[in-house]
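Novice: First, the structure itself, so that you have it in front of you.
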Amino acid sequence: MTPHDTSPSTPTPAGAHPHLHRGLKLLGTLFITLSAISPASSVFIIAPGVIGQAGSGAFTAFLVAGVVGILMAFVYAELGSAYPLSGGEYAIVARTFGRLPGFVVLGLFMVTQLLIIAVIALGVGTYLAVIFPGLHAPTVAAVTTVVATVLAVFDIKLNAWVTGVFLAIEMLALVVVSALGFLNPERSLADLVLHPVAAGQDGTVVAASA
């Protein structure tokens, strides 16, 4: 117990602010961070929509997105070490630019997170309907959201391990899909990069534009 720890048995002195308890260590933090990125949902839910619009040009788009993601990771690492605050983006923005911009980012964060949860939950319903025909995808999505909300209420350590288990399942699925793709390629890598194609308006295959 450090001088800054508080618990029910240790009353907070008058005028002092209670401190958050550091409940996660390296492995749990890694699990919950990677699960928040949700690599499988990006591949199985978001990627099909991109491929539907850009065709094989999606490969180049994902390469560009990977570069942007690396740069964002460096920015987050720098800001996270400079401002070790609970709250994420809006706390960092509030510290650097002021409370009003931080409040705006908080509002945007709440809206985008709600949309992301809805998209992933609907994707769960779509895939389960393949295994169990007749399932109503929106209903499955609603149940998925409720279950995720219930789990989020529990201790952060439990959340980290639950998400870690699902992360392991996700990574296994990605390894299987990647192996199937690399072992049975339909086009060469050079052709994929230099001559991307997509579906035209009349249903024919056309060159994918920039």
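Residue numbering restarts at 1 for every chain of the structure tokens, chains are lettered A, B, ... in their displayed order, and ligands are numbered from 1 as they appear.
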What are the closest atom pairs, with distances in Å to one decimal, for all residues of segment 135-198 of chain A lying within 12 Å of segment 46-52 of chain A? Consider only C-alpha atoms, order rows by chain and residue number, and present the result as a tab-separated table.
Specialist:
```
residue	atom	partner	partner_atom	distance
A:Pro196	CA	A:Ile51	CA	11.1
A:Val197	CA	A:Ile51	CA	10.2
A:Ala198	CA	A:Gly52	CA	7.8
```
Novice: Got a sec: who's within 8 Å of Leu167 of chain A, counting only C-alpha atoms, leaving out chain neighbours fewer than 3 positions off, as a PDB file with N, CA and C atoms, in the first residue's frame?
Specialist:
```pdb
ATOM      1  N   PHE A  31      -3.446  -7.416 -23.693  1.00  0.00           N
ATOM      2  CA  PHE A  31      -4.658  -8.116 -24.125  1.00  0.00           C
ATOM      3  C   PHE A  31      -5.790  -7.145 -24.438  1.00  0.00           C
ATOM      4  N   LEU A  34      -5.025  -4.766 -27.591  1.00  0.00           N
ATOM      5  CA  LEU A  34      -5.143  -5.431 -28.877  1.00  0.00           C
ATOM      6  C   LEU A  34      -6.576  -5.849 -29.170  1.00  0.00           C
ATOM      7  N   SER A  35      -7.317  -6.233 -28.135  1.00  0.00           N
ATOM      8  CA  SER A  35      -8.713  -6.614 -28.336  1.00  0.00           C
ATOM      9  C   SER A  35      -9.563  -5.410 -28.692  1.00  0.00           C
ATOM     10  N   SER A  38      -9.392  -4.949 -32.177  1.00  0.00           N
ATOM     11  CA  SER A  38     -10.223  -6.003 -32.782  1.00  0.00           C
ATOM     12  C   SER A  38      -9.752  -6.368 -34.181  1.00  0.00           C
ATOM     13  N   THR A 163     -11.243 -10.714 -22.834  1.00  0.00           N
ATOM     14  CA  THR A 163     -10.871 -10.226 -24.162  1.00  0.00           C
ATOM     15  C   THR A 163      -9.616 -10.924 -24.676  1.00  0.00           C
ATOM     16  N   GLY A 164      -8.736 -11.332 -23.768  1.00  0.00           N
ATOM     17  CA  GLY A 164      -7.553 -12.072 -24.180  1.00  0.00           C
ATOM     18  C   GLY A 164      -7.905 -13.418 -24.794  1.00  0.00           C
ATOM     19  N   GLU A 170      -9.507 -14.969 -32.246  1.00  0.00           N
ATOM     20  CA  GLU A 170      -9.409 -14.103 -33.421  1.00  0.00           C
ATOM     21  C   GLU A 170      -8.107 -14.358 -34.179  1.00  0.00           C
ATOM     22  N   MET A 171      -7.002 -14.415 -33.453  1.00  0.00           N
ATOM     23  CA  MET A 171      -5.705 -14.599 -34.098  1.00  0.00           C
ATOM     24  C   MET A 171      -5.621 -15.965 -34.773  1.00  0.00           C
TER      25      MET A 171
END
```
Novice: Which residues are close to segment 67-82 of chain A, i.e. within 10 Å by only C-alpha atoms, leaving aside same-chain residues fewer than 5 positions away? Reply as JSON, numbers by chain.
Specialist: {"A": [62, 88, 89, 92, 93, 96]}
